file data15.tsv (TSV, C-alpha atoms)
chain	number	residue	atom	x	y	z
P	1	MET	CA	0.00	0.00	0.00
P	2	GLY	CA	1.55	3.29	-1.06
P	3	ALA	CA	1.76	5.96	1.63
P	4	PRO	CA	1.04	9.56	0.72
P	5	PRO	CA	3.98	11.93	0.85
P	6	LEU	CA	4.54	13.82	4.06
P	7	GLY	CA	4.73	17.06	2.15
P	8	LYS	CA	7.85	19.17	1.94
P	9	ARG	CA	10.44	17.84	4.30
P	10	ASP	CA	11.21	21.30	5.62
P	11	ASP	CA	7.72	22.46	6.64
P	12	ASN	CA	6.98	20.04	9.48
P	13	ALA	CA	7.55	20.58	13.20
P	14	PHE	CA	10.06	17.82	13.95
P	15	ASN	CA	13.00	20.24	14.05
P	16	ALA	CA	11.13	22.45	16.50
P	17	LEU	CA	10.37	19.47	18.73
P	18	ARG	CA	13.97	18.23	18.70
P	19	ILE	CA	15.40	21.66	19.46
P	20	SER	CA	12.90	22.12	22.29
P	21	ALA	CA	13.85	18.70	23.67
P	22	ALA	CA	17.56	19.57	23.56
P	23	PHE	CA	16.93	22.76	25.53
P	24	ALA	CA	14.76	20.81	27.98
P	25	VAL	CA	17.71	18.49	28.67
P	26	ILE	CA	19.88	21.52	29.43
P	27	PHE	CA	17.22	22.90	31.76
P	28	SER	CA	16.89	19.59	33.58
P	29	HIS	CA	20.64	19.09	33.97
P	30	HIS	CA	21.25	22.64	35.13
P	31	PHE	CA	19.85	21.93	38.58
P	32	HIS	CA	22.45	19.20	39.12
P	33	ILE	CA	25.31	21.11	37.49
P	34	THR	CA	24.74	24.20	39.63
P	35	GLY	CA	23.80	22.29	42.79
P	36	THR	CA	20.40	23.98	42.83
P	37	LYS	CA	17.42	22.25	44.41
P	38	PRO	CA	14.39	22.48	42.11
P	39	PRO	CA	11.11	23.80	43.54
P	40	ALA	CA	8.93	21.18	45.20
P	41	TRP	CA	6.35	21.28	42.41
P	42	LEU	CA	8.92	20.61	39.65
P	43	HIS	CA	10.18	17.13	38.82
P	44	SER	CA	13.19	18.42	36.91
P	45	ASP	CA	14.62	14.98	36.14
P	46	MET	CA	11.33	14.01	34.50
P	47	VAL	CA	11.64	17.05	32.21
P	48	GLY	CA	14.91	15.66	30.92
P	49	GLY	CA	13.46	12.17	30.71
P	50	VAL	CA	10.54	13.32	28.59
P	51	ALA	CA	12.97	15.20	26.36
P	52	VAL	CA	14.94	12.00	25.70
P	53	MET	CA	11.67	10.14	25.11
P	54	THR	CA	10.92	12.79	22.51
P	55	PHE	CA	14.19	12.10	20.71
P	56	PHE	CA	13.63	8.34	20.68
P	57	THR	CA	10.00	8.60	19.55
P	58	ILE	CA	10.80	10.90	16.64
P	59	SER	CA	13.83	8.80	15.74
P	60	GLY	CA	11.78	5.60	15.71
P	61	TYR	CA	9.23	7.20	13.41
P	62	LEU	CA	11.60	8.86	10.94
P	63	VAL	CA	14.20	6.09	10.86
P	64	THR	CA	11.53	3.49	10.14
P	65	LEU	CA	10.25	5.63	7.28
P	66	SER	CA	13.84	5.83	6.04
P	67	TRP	CA	14.12	2.04	6.00
P	68	LEU	CA	10.77	1.66	4.24
P	69	SER	CA	11.83	4.12	1.55
P	70	ASP	CA	15.21	2.45	1.01
P	71	PRO	CA	15.49	-1.04	2.57
P	72	ARG	CA	19.19	-1.60	1.87
P	73	VAL	CA	21.11	-2.41	5.00
P	74	ILE	CA	24.47	-0.92	3.93
P	75	ALA	CA	22.85	2.33	2.82
P	76	PHE	CA	20.76	2.41	6.00
P	77	ALA	CA	23.83	1.92	8.20
P	78	GLY	CA	25.73	4.57	6.26
P	79	LYS	CA	22.96	7.12	6.70
P	80	ARG	CA	22.69	6.46	10.41
P	81	LEU	CA	26.45	6.75	10.94
P	82	LEU	CA	26.55	9.98	8.94
P	83	ARG	CA	23.95	11.35	11.33
P	84	LEU	CA	25.59	10.25	14.59
P	85	TRP	CA	29.35	10.10	14.06
P	86	PRO	CA	30.29	13.62	12.80
P	87	GLY	CA	28.54	15.31	15.71
P	88	MET	CA	30.16	12.87	18.12
P	89	LEU	CA	33.55	13.72	16.64
P	90	VAL	CA	32.89	17.42	17.29
P	91	ALA	CA	31.89	16.65	20.90
P	92	VAL	CA	34.92	14.44	21.62
P	93	LEU	CA	37.36	16.94	20.12
P	94	ALA	CA	35.76	19.80	22.06
P	95	ASP	CA	35.71	17.77	25.29
P	96	ILE	CA	39.40	16.91	25.08
P	97	PHE	CA	41.09	19.82	23.34
P	98	LEU	CA	38.87	22.75	24.38
P	99	PHE	CA	36.83	22.26	27.53
P	100	GLY	CA	39.07	19.63	29.08
P	101	ALA	CA	42.35	21.29	28.22
P	102	VAL	CA	41.24	24.62	29.72
P	103	PHE	CA	39.47	23.33	32.82
P	104	THR	CA	41.59	20.38	33.96
P	105	THR	CA	43.93	20.74	36.93
P	106	LEU	CA	46.40	18.32	35.34
P	107	PRO	CA	49.33	19.39	33.16
P	108	LEU	CA	48.26	19.14	29.55
P	109	ARG	CA	50.65	16.31	28.67
P	110	GLU	CA	49.43	14.29	31.62
P	111	PHE	CA	45.79	15.13	30.84
P	112	TRP	CA	46.01	14.10	27.18
P	113	THR	CA	47.81	10.84	27.97
P	114	HIS	CA	45.71	9.94	31.01
P	115	PRO	CA	43.86	6.61	30.63
P	116	ALA	CA	40.51	8.31	31.19
P	117	THR	CA	41.22	10.79	28.39
P	118	LEU	CA	42.35	8.06	26.03
P	119	GLU	CA	39.19	6.16	26.97
P	120	HIS	CA	37.12	9.22	26.05
P	121	TRP	CA	38.17	8.72	22.42
P	122	LEU	CA	36.27	5.42	22.48
P	123	ASN	CA	33.04	7.45	22.37
P	124	LEU	CA	33.72	7.61	18.62
P	125	LEU	CA	32.86	3.92	18.40
P	126	LEU	CA	29.31	4.84	19.54
P	127	VAL	CA	28.93	1.56	21.44
P	128	GLU	CA	29.73	2.68	24.98
P	129	ALA	CA	29.77	6.07	26.70
P	130	TYR	CA	32.66	7.60	28.62
P	131	VAL	CA	31.40	10.78	30.21
P	132	ASN	CA	34.17	11.83	32.64
P	133	LEU	CA	37.61	13.35	32.14
P	134	PRO	CA	40.47	13.57	34.67
P	135	GLY	CA	40.91	16.67	36.79
P	136	VAL	CA	38.12	18.68	35.16
P	137	PHE	CA	35.83	21.09	37.01
P	138	PRO	CA	37.23	20.28	40.48
P	139	VAL	CA	35.08	22.81	42.33
P	140	ASN	CA	31.82	22.25	40.44
P	141	PRO	CA	29.05	20.24	42.13
P	142	LEU	CA	29.58	17.48	39.53
P	143	VAL	CA	33.33	17.01	39.79
P	144	GLY	CA	34.97	15.31	36.82
P	145	LEU	CA	31.85	15.17	34.65
P	146	MET	CA	32.41	16.31	31.08
P	147	ASN	CA	29.56	15.06	28.91
P	148	GLY	CA	26.75	13.17	30.62
P	149	PRO	CA	24.26	12.96	27.70
P	150	LEU	CA	26.63	10.78	25.67
P	151	TRP	CA	25.30	7.73	27.54
P	152	THR	CA	22.16	7.68	25.36
P	153	ILE	CA	24.01	7.50	22.02
P	154	PRO	CA	24.89	3.77	22.25
P	155	MET	CA	21.22	3.15	23.06
P	156	GLU	CA	20.19	5.01	19.92
P	157	LEU	CA	22.66	2.96	17.88
P	158	MET	CA	21.24	-0.22	19.42
P	159	CYS	CA	17.75	0.77	18.25
P	160	TYR	CA	19.06	1.38	14.73
P	161	ALA	CA	20.76	-2.01	14.75
P	162	ALA	CA	17.63	-3.78	15.97
P	163	LEU	CA	15.52	-2.13	13.26
P	164	ALA	CA	18.08	-3.03	10.58
P	165	ALA	CA	18.19	-6.63	11.82
P	166	LEU	CA	14.42	-6.91	11.57
P	167	GLY	CA	14.62	-5.42	8.10
P	168	VAL	CA	17.24	-7.91	6.97
P	169	LEU	CA	15.08	-10.74	8.35
P	170	GLY	CA	12.25	-9.49	6.15
P	171	VAL	CA	9.96	-8.45	8.98
P	172	PHE	CA	9.08	-5.14	7.29
P	173	ARG	CA	7.85	-6.88	4.16
P	174	TRP	CA	4.61	-7.56	6.02
P	175	ARG	CA	3.05	-4.78	8.07
P	176	ALA	CA	1.24	-7.27	10.33
P	177	LEU	CA	4.52	-8.98	11.21
P	178	ALA	CA	6.33	-5.69	11.83
P	179	CYS	CA	3.40	-4.53	13.93
P	180	MET	CA	3.59	-7.71	16.01
P	181	ALA	CA	7.32	-7.15	16.59
P	182	ALA	CA	6.76	-3.59	17.85
P	183	LEU	CA	3.75	-4.51	19.98
P	184	GLY	CA	5.61	-7.53	21.34
P	185	TYR	CA	8.44	-5.36	22.61
P	186	LEU	CA	6.01	-2.82	24.07
P	187	ALA	CA	4.15	-5.63	25.86
P	188	PHE	CA	7.42	-7.03	27.22
P	189	PHE	CA	8.45	-3.61	28.49
P	190	LEU	CA	5.10	-2.84	30.12
P	191	ALA	CA	4.92	-6.24	31.83
P	192	MET	CA	8.56	-6.82	32.77
P	193	ARG	CA	10.50	-3.51	32.86
P	194	ASN	CA	7.79	-0.97	33.63
P	195	ALA	CA	8.67	1.28	36.58
P	196	ASP	CA	4.99	1.34	37.54
P	197	LEU	CA	5.26	-2.37	38.33
P	198	THR	CA	8.93	-2.85	39.23
P	199	GLY	CA	9.56	0.39	41.09
P	200	THR	CA	12.79	0.78	39.11
P	201	MET	CA	13.39	2.74	35.94
P	202	TYR	CA	15.20	0.69	33.29
P	203	HIS	CA	16.14	3.36	30.77
P	204	TRP	CA	17.85	0.85	28.47
P	205	PHE	CA	14.46	-0.77	28.00
P	206	GLU	CA	12.27	2.32	28.42
P	207	TYR	CA	13.70	4.60	25.73
P	208	PRO	CA	13.74	1.80	23.12
P	209	ALA	CA	10.04	1.32	23.92
P	210	TYR	CA	9.45	4.89	22.74
P	211	PHE	CA	11.52	4.15	19.64
P	212	ALA	CA	9.38	1.05	18.98
P	213	TYR	CA	6.17	3.07	19.42
P	214	GLY	CA	7.43	5.67	16.92
P	215	SER	CA	8.23	2.84	14.53
P	216	LEU	CA	4.75	1.41	15.01
P	217	ILE	CA	3.16	4.73	14.08
P	218	ALA	CA	5.38	4.89	10.99
P	219	LEU	CA	3.94	1.55	9.84
P	220	PHE	CA	0.48	3.16	9.84
P	221	ARG	CA	1.65	6.58	8.74
P	222	ASP	CA	-1.01	7.29	6.14
P	223	ALA	CA	-3.82	6.31	8.53
P	224	PHE	CA	-2.25	8.29	11.37
P	225	LEU	CA	-1.90	11.40	9.23
P	226	LYS	CA	-5.61	11.13	8.51
P	227	TYR	CA	-6.95	10.05	11.90
P	228	GLY	CA	-4.26	11.19	14.35
P	229	ARG	CA	-6.46	13.75	16.04
P	230	GLY	CA	-9.14	11.16	16.66
P	231	VAL	CA	-6.55	8.75	18.05
P	232	LEU	CA	-5.46	11.39	20.54
P	233	LEU	CA	-9.04	12.13	21.54
P	234	VAL	CA	-9.47	8.45	22.41
P	235	LEU	CA	-6.10	7.96	24.14
P	236	THR	CA	-6.06	11.17	26.22
P	237	PRO	CA	-8.85	10.23	28.68
P	238	ILE	CA	-7.43	6.70	28.98
P	239	ALA	CA	-4.00	8.09	29.77
P	240	ALA	CA	-5.52	10.55	32.25
P	241	ALA	CA	-7.31	7.71	34.02
P	242	LEU	CA	-4.09	5.71	34.21
P	243	PHE	CA	-2.10	8.69	35.43
P	244	PHE	CA	-4.47	10.23	37.97
P	245	GLY	CA	-6.70	7.29	38.84
P	246	ALA	CA	-4.54	4.17	38.72
P	247	LYS	CA	-1.29	6.06	39.48
P	248	LEU	CA	0.39	4.33	36.54
P	249	GLU	CA	2.32	7.41	35.48
P	250	HIS	CA	4.92	5.69	33.32
P	251	SER	CA	2.35	3.58	31.49
P	252	ALA	CA	0.21	6.64	30.85
P	253	GLY	CA	3.18	8.53	29.44
P	254	LEU	CA	4.08	5.73	27.08
P	255	LEU	CA	0.48	5.42	25.90
P	256	LEU	CA	0.01	9.08	25.05
P	257	LEU	CA	3.35	10.79	24.46
P	258	PRO	CA	4.49	9.11	21.19
P	259	PRO	CA	1.26	9.67	19.21
P	260	LEU	CA	1.08	13.22	20.57
P	261	LEU	CA	4.65	13.94	19.47
P	262	ILE	CA	4.19	12.46	16.01
P	263	TYR	CA	0.91	14.32	15.59
P	264	LEU	CA	2.57	17.60	16.55
P	265	GLY	CA	5.64	16.81	14.46
P	266	THR	CA	3.63	16.27	11.30
P	267	ARG	CA	1.95	19.67	11.60
P	268	THR	CA	3.08	22.10	8.91
P	269	ALA	CA	3.50	25.88	8.97
P	270	PRO	CA	5.68	28.49	7.26
P	271	VAL	CA	7.53	29.16	10.53
P	272	PHE	CA	8.81	25.58	10.49
P	273	THR	CA	10.13	26.11	6.96
P	274	ARG	CA	12.15	29.09	8.20
P	275	LEU	CA	13.38	27.09	11.19
P	276	HIS	CA	14.51	24.25	8.92
P	277	GLY	CA	16.26	26.74	6.70
P	278	ALA	CA	18.45	27.77	9.62
P	279	GLY	CA	19.62	24.18	10.11
P	280	ASP	CA	19.16	21.46	12.71
P	281	PRO	CA	21.26	22.24	15.81
P	282	SER	CA	19.44	19.79	18.10
P	283	TYR	CA	22.10	17.05	18.14
P	284	GLY	CA	24.88	19.55	18.70
P	285	ILE	CA	22.94	21.28	21.47
P	286	TYR	CA	22.31	17.91	23.10
P	287	ILE	CA	25.89	16.62	23.11
P	288	LEU	CA	27.64	19.96	23.66
P	289	GLY	CA	25.23	21.41	26.21
P	290	CYS	CA	26.57	19.58	29.26
P	291	PRO	CA	30.25	20.58	28.92
P	292	ILE	CA	29.16	24.13	28.16
P	293	GLN	CA	27.05	24.14	31.32
P	294	GLN	CA	30.02	22.86	33.32
P	295	VAL	CA	32.18	25.64	31.84
P	296	VAL	CA	29.59	28.28	32.73
P	297	GLN	CA	29.35	26.95	36.28
P	298	ALA	CA	33.15	26.89	36.67
P	299	SER	CA	33.52	30.39	35.22
P	300	CYS	CA	30.55	32.04	36.93
P	301	PRO	CA	29.86	30.03	40.11
P	302	GLN	CA	28.14	32.93	41.85
P	303	TRP	CA	25.67	33.66	39.08
P	304	PRO	CA	21.99	33.02	39.83
P	305	PHE	CA	20.42	29.92	38.36
P	306	LEU	CA	18.44	31.67	35.63
P	307	GLY	CA	21.39	33.83	34.58
P	308	SER	CA	23.79	30.91	34.16
P	309	LEU	CA	21.04	28.85	32.49
P	310	LEU	CA	20.40	31.59	29.93
P	311	LEU	CA	24.11	31.91	29.17
P	312	ALA	CA	24.45	28.13	28.79
P	313	VAL	CA	21.44	28.00	26.46
P	314	VAL	CA	22.79	30.79	24.25
P	315	LEU	CA	26.25	29.24	24.05
P	316	ALA	CA	24.85	25.74	23.43
P	317	ALA	CA	22.63	27.06	20.64
P	318	ALA	CA	25.59	28.79	19.02
P	319	ALA	CA	27.69	25.64	19.34
P	320	GLY	CA	24.86	23.50	17.96
P	321	TYR	CA	24.39	25.66	14.89
P	322	ALA	CA	28.16	25.83	14.33
P	323	SER	CA	28.42	22.04	14.55
P	324	TRP	CA	25.54	21.65	12.10
P	325	HIS	CA	26.78	24.08	9.46
P	326	VAL	CA	30.50	23.33	9.68
P	327	VAL	CA	30.50	19.54	10.18
P	328	GLU	CA	27.14	17.73	10.38
P	329	SER	CA	25.36	19.15	7.34
P	330	PRO	CA	28.35	18.82	4.99
P	331	MET	CA	28.80	15.21	6.09
P	332	LEU	CA	25.11	14.44	5.57
P	333	ARG	CA	25.46	15.51	1.95
P	334	LEU	CA	27.53	12.37	1.50
P	335	LYS	CA	24.28	10.39	1.69
P	336	ARG	CA	23.94	10.90	-2.05
P	337	LEU	CA	26.94	8.60	-2.50
P	338	LEU	CA	24.88	5.80	-1.01
P	339	GLY	CA	22.39	5.98	-3.88
P	340	GLY	CA	18.77	4.98	-3.56
P	341	PRO	CA	15.62	7.11	-3.67
P	342	GLN	CA	15.89	10.75	-2.77
P	343	ARG	CA	13.09	12.22	-0.62
P	344	SER	CA	10.59	9.75	-1.95
P	345	ALA	CA	7.54	8.57	-0.07
P	346	PRO	CA	8.11	5.15	1.50
P	347	THR	CA	5.92	2.23	0.70
P	348	VAL	CA	4.25	0.64	3.71
P	349	PRO	CA	3.39	-3.03	3.09
P	350	SER	CA	-0.24	-3.90	3.70
P	351	GLN	CA	-0.07	-7.64	4.18

call {"tool": "encode", "arguments": {"input": "data15.tsv", "output": "structure tokens"}}
result
Amino acid sequence: MGAPPLGKRDDNAFNALRISAAFAVIFSHHFHITGTKPPAWLHSDMVGGVAVMTFFTISGYLVTLSWLSDPRVIAFAGKRLLRLWPGMLVAVLADIFLFGAVFTTLPLREFWTHPATLEHWLNLLLVEAYVNLPGVFPVNPLVGLMNGPLWTIPMELMCYAALAALGVLGVFRWRALACMAALGYLAFFLAMRNADLTGTMYHWFEYPAYFAYGSLIALFRDAFLKYGRGVLLVLTPIAAALFFGAKLEHSAGLLLLPPLLIYLGTRTAPVFTRLHGAGDPSYGIYILGCPIQQVVQASCPQWPFLGSLLLAVVLAAAAGYASWHVVESPMLRLKRLLGGPQRSAPTVPSQ
């Protein structure tokens, strides 16, 4: 069954959602980085958690559409690496040669040859995260931390690998089978790794559940584009009952957040076209925000929370746009070397 085109790729709201999520992560982390206790009414860690859920949901949706439009595993892997690796290279170089070199208490030779610094280079493999560096930010509340958000990148790569494996096995040739795979993982998560039932948050299972939900929506993209508002009208009261009545907050969030995000992301408006025209700094903001926040805290420890937060946001935005225009966007142009359809509407199998 052919799916209708999404419309121009640059007039939807996905960029706006990703940028907002990146700033939400900075806001959430800033309480820890500055040693500030959030107000009693604000669950600041949940703000950051929802932001990461946003990234994984949108990624599951768009990456699944990418596979459906071009189901070649080598091309798929190349596209994913071109999206993740250049930005990671920028972050690792900045961590070691800029932020680390300036803010470590170790002599530079010792810092650059320290086992922890050499280990930091392994972030470029994208399979495990190394977030600390030796001697950095010794008087900050989070001593030694350089780049906390990097821990989610291997999880993102794992989701890509799982989707590609299912594609190679032919699961996406039949929508019913692909749907069963996504629903099966969601059922496993809700029954076995759900914090509402276990009392423990298993992020390595939780965030992939949001990725799987985004992928599930992609399988029914044409129907969702047509009936998404009705789906939300049905799911919202159910989620409210779970959240407020049954106190199943995590289950309610998983039920409602992905379709809400995809519905909002597929909205179109001229302002989103202008935003897309400026580039996509969200990845750069996400993986450069933490070291920038640590630098701001080390440089201006007496600043009030909102003042240092504003400075960190401005600097992270500038760094994110610089990373996009100087490194990420030029590298993404190499996708054309992988061949395959260009900006075509994917075909979603119906049987």

call {"tool": "atom_distance", "arguments": {"input": "data15.tsv", "atom1": "CA of Cys300 in chain P", "atom2": "CA of Pro107 in chain P"}}
result
23.0 Å

call {"tool": "closest_residue", "arguments": {"input": "data15.tsv", "among": "P:Leu310, P:Leu17, P:Ala298, P:Leu125", "to": "Asn140 in chain P", "atoms": "only C-alpha atoms"}}
result
P:Ala298

call {"tool": "residues_near_point", "arguments": {"input": "data15.tsv", "point": "(23.7, 4.4, -4.9)", "cutoff": "12 Å", "atoms": "only C-alpha atoms", "output": "list in words"}}
result
Asp70, Arg72, Ile74, Ala75, Phe76, Gly78, Lys79, Leu334, Lys335, Arg336, Leu337, Leu338, Gly339, Gly340, Pro341 and Gln342 of chain P

call {"tool": "residues_near_point", "arguments": {"input": "data15.tsv", "point": "(8.6, 9.7, 21.5)", "cutoff": "8 Å", "atoms": "all atoms listed in the file", "output": "list of chain:residue names"}}
result
P:Val52, P:Met53, P:Thr54, P:Phe55, P:Phe56, P:Thr57, P:Ile58, P:Ser59, P:Gly60, P:Tyr210, P:Phe211, P:Tyr213, P:Gly214, P:Leu257, P:Pro258, P:Pro259, P:Leu261, P:Ile262

call {"tool": "residues_around", "arguments": {"input": "data15.tsv", "residues": "range 130-139 of chain P", "least_positions_apart": "4", "cutoff": "6 Å", "atoms": "only C-alpha atoms", "output": "PDB file with C-alpha atoms, in the coordinates of the input"}}
result
ATOM      1  CA  PHE P 103      39.470  23.330  32.820  1.00  0.00           C
ATOM      2  CA  THR P 104      41.590  20.380  33.960  1.00  0.00           C
ATOM      3  CA  THR P 105      43.930  20.740  36.930  1.00  0.00           C
ATOM      4  CA  LEU P 106      46.400  18.320  35.340  1.00  0.00           C
ATOM      5  CA  ALA P 116      40.510   8.310  31.190  1.00  0.00           C
ATOM      6  CA  THR P 117      41.220  10.790  28.390  1.00  0.00           C
ATOM      7  CA  HIS P 120      37.120   9.220  26.050  1.00  0.00           C
ATOM      8  CA  VAL P 143      33.330  17.010  39.790  1.00  0.00           C
ATOM      9  CA  GLY P 144      34.970  15.310  36.820  1.00  0.00           C
ATOM     10  CA  LEU P 145      31.850  15.170  34.650  1.00  0.00           C
ATOM     11  CA  MET P 146      32.410  16.310  31.080  1.00  0.00           C
ATOM     12  CA  ASN P 147      29.560  15.060  28.910  1.00  0.00           C
ATOM     13  CA  GLY P 148      26.750  13.170  30.620  1.00  0.00           C
TER      14      GLY P 148
END

call {"tool": "atom_distance", "arguments": {"input": "data15.tsv", "atom1": "CA of Thr36 in chain P", "atom2": "CA of Ala317 in chain P"}}
result
22.5 Å

call {"tool": "atom_distance", "arguments": {"input": "data15.tsv", "atom1": "CA of Val327 in chain P", "atom2": "CA of Ala164 in chain P"}}
result
25.8 Å

call {"tool": "residues_around", "arguments": {"input": "data15.tsv", "residues": "Asn12 in chain P", "least_positions_apart": "2", "cutoff": "7 Å", "atoms": "all atoms listed in the file", "output": "ChimeraX atom specification"}}
result
/P:9-10,14,265-269,272

call {"tool": "closest_atom_pairs", "arguments": {"input": "data15.tsv", "of": "range 74-118 of chain P", "to": "range 281-284 of chain P", "cutoff": "9 Å", "atoms": "only C-alpha atoms", "output": "Markdown table"}}
result
| residue | atom | partner | partner_atom | distance |
| --- | --- | --- | --- | --- |
| P:Leu84 | CA | P:Tyr283 | CA | 8.4 |
| P:Gly87 | CA | P:Gly284 | CA | 6.3 |
| P:Met88 | CA | P:Gly284 | CA | 8.5 |
| P:Val90 | CA | P:Gly284 | CA | 8.4 |
| P:Ala91 | CA | P:Gly284 | CA | 7.9 |

call {"tool": "closest_residue", "arguments": {"input": "data15.tsv", "among": "P:Thr236, P:Leu89, P:Ala181, P:Gly49", "to": "Thr152 in chain P", "atoms": "only C-alpha atoms"}}
result
P:Gly49

call {"tool": "closest_residue", "arguments": {"input": "data15.tsv", "among": "P:Pro141, P:Leu248, P:Leu254, P:Leu219", "to": "Ala187 in chain P", "atoms": "only C-alpha atoms"}}
result
P:Leu254

call {"tool": "residues_around", "arguments": {"input": "data15.tsv", "residues": "Tyr185 in chain P", "least_positions_apart": "2", "cutoff": "12 Å", "atoms": "all atoms listed in the file", "output": "ChimeraX atom specification"}}
result
/P:159,162,178-183,187-194,205-213,215-216

call {"tool": "closest_residue", "arguments": {"input": "data15.tsv", "among": "P:Val92, P:Leu81, P:Leu264, P:Leu177", "to": "Leu157 in chain P", "atoms": "all atoms listed in the file"}}
result
P:Leu81

call {"tool": "decode", "arguments": {"input": "data15.tsv", "residues": "range 141-203 of chain P", "atoms": "C-alpha atoms", "output": "compact mmCIF listing (two decimals), in the first residue's frame"}}
result
# COMPACT_ATOMS: atom_id res chain seq x y z
CA PRO P 141 29.05 20.24 42.13
CA LEU P 142 29.58 17.48 39.53
CA VAL P 143 33.33 17.01 39.79
CA GLY P 144 34.97 15.31 36.82
CA LEU P 145 31.85 15.17 34.65
CA MET P 146 32.41 16.31 31.08
CA ASN P 147 29.56 15.06 28.91
CA GLY P 148 26.75 13.17 30.62
CA PRO P 149 24.26 12.96 27.70
CA LEU P 150 26.63 10.78 25.67
CA TRP P 151 25.30 7.73 27.54
CA THR P 152 22.16 7.68 25.36
CA ILE P 153 24.01 7.50 22.02
CA PRO P 154 24.89 3.77 22.25
CA MET P 155 21.22 3.15 23.06
CA GLU P 156 20.19 5.01 19.92
CA LEU P 157 22.66 2.96 17.88
CA MET P 158 21.24 -0.22 19.42
CA CYS P 159 17.75 0.77 18.25
CA TYR P 160 19.06 1.38 14.73
CA ALA P 161 20.76 -2.01 14.75
CA ALA P 162 17.63 -3.78 15.97
CA LEU P 163 15.52 -2.13 13.26
CA ALA P 164 18.08 -3.03 10.58
CA ALA P 165 18.19 -6.63 11.82
CA LEU P 166 14.42 -6.91 11.57
CA GLY P 167 14.62 -5.42 8.10
CA VAL P 168 17.24 -7.91 6.97
CA LEU P 169 15.08 -10.74 8.35
CA GLY P 170 12.25 -9.49 6.15
CA VAL P 171 9.96 -8.45 8.98
CA PHE P 172 9.08 -5.14 7.29
CA ARG P 173 7.85 -6.88 4.16
CA TRP P 174 4.61 -7.56 6.02
CA ARG P 175 3.05 -4.78 8.07
CA ALA P 176 1.24 -7.27 10.33
CA LEU P 177 4.52 -8.98 11.21
CA ALA P 178 6.33 -5.69 11.83
CA CYS P 179 3.40 -4.53 13.93
CA MET P 180 3.59 -7.71 16.01
CA ALA P 181 7.32 -7.15 16.59
CA ALA P 182 6.76 -3.59 17.85
CA LEU P 183 3.75 -4.51 19.98
CA GLY P 184 5.61 -7.53 21.34
CA TYR P 185 8.44 -5.36 22.61
CA LEU P 186 6.01 -2.82 24.07
CA ALA P 187 4.15 -5.63 25.86
CA PHE P 188 7.42 -7.03 27.22
CA PHE P 189 8.45 -3.61 28.49
CA LEU P 190 5.10 -2.84 30.12
CA ALA P 191 4.92 -6.24 31.83
CA MET P 192 8.56 -6.82 32.77
CA ARG P 193 10.50 -3.51 32.86
CA ASN P 194 7.79 -0.97 33.63
CA ALA P 195 8.67 1.28 36.58
CA ASP P 196 4.99 1.34 37.54
CA LEU P 197 5.26 -2.37 38.33
CA THR P 198 8.93 -2.85 39.23
CA GLY P 199 9.56 0.39 41.09
CA THR P 200 12.79 0.78 39.11
CA MET P 201 13.39 2.74 35.94
CA TYR P 202 15.20 0.69 33.29
CA HIS P 203 16.14 3.36 30.77
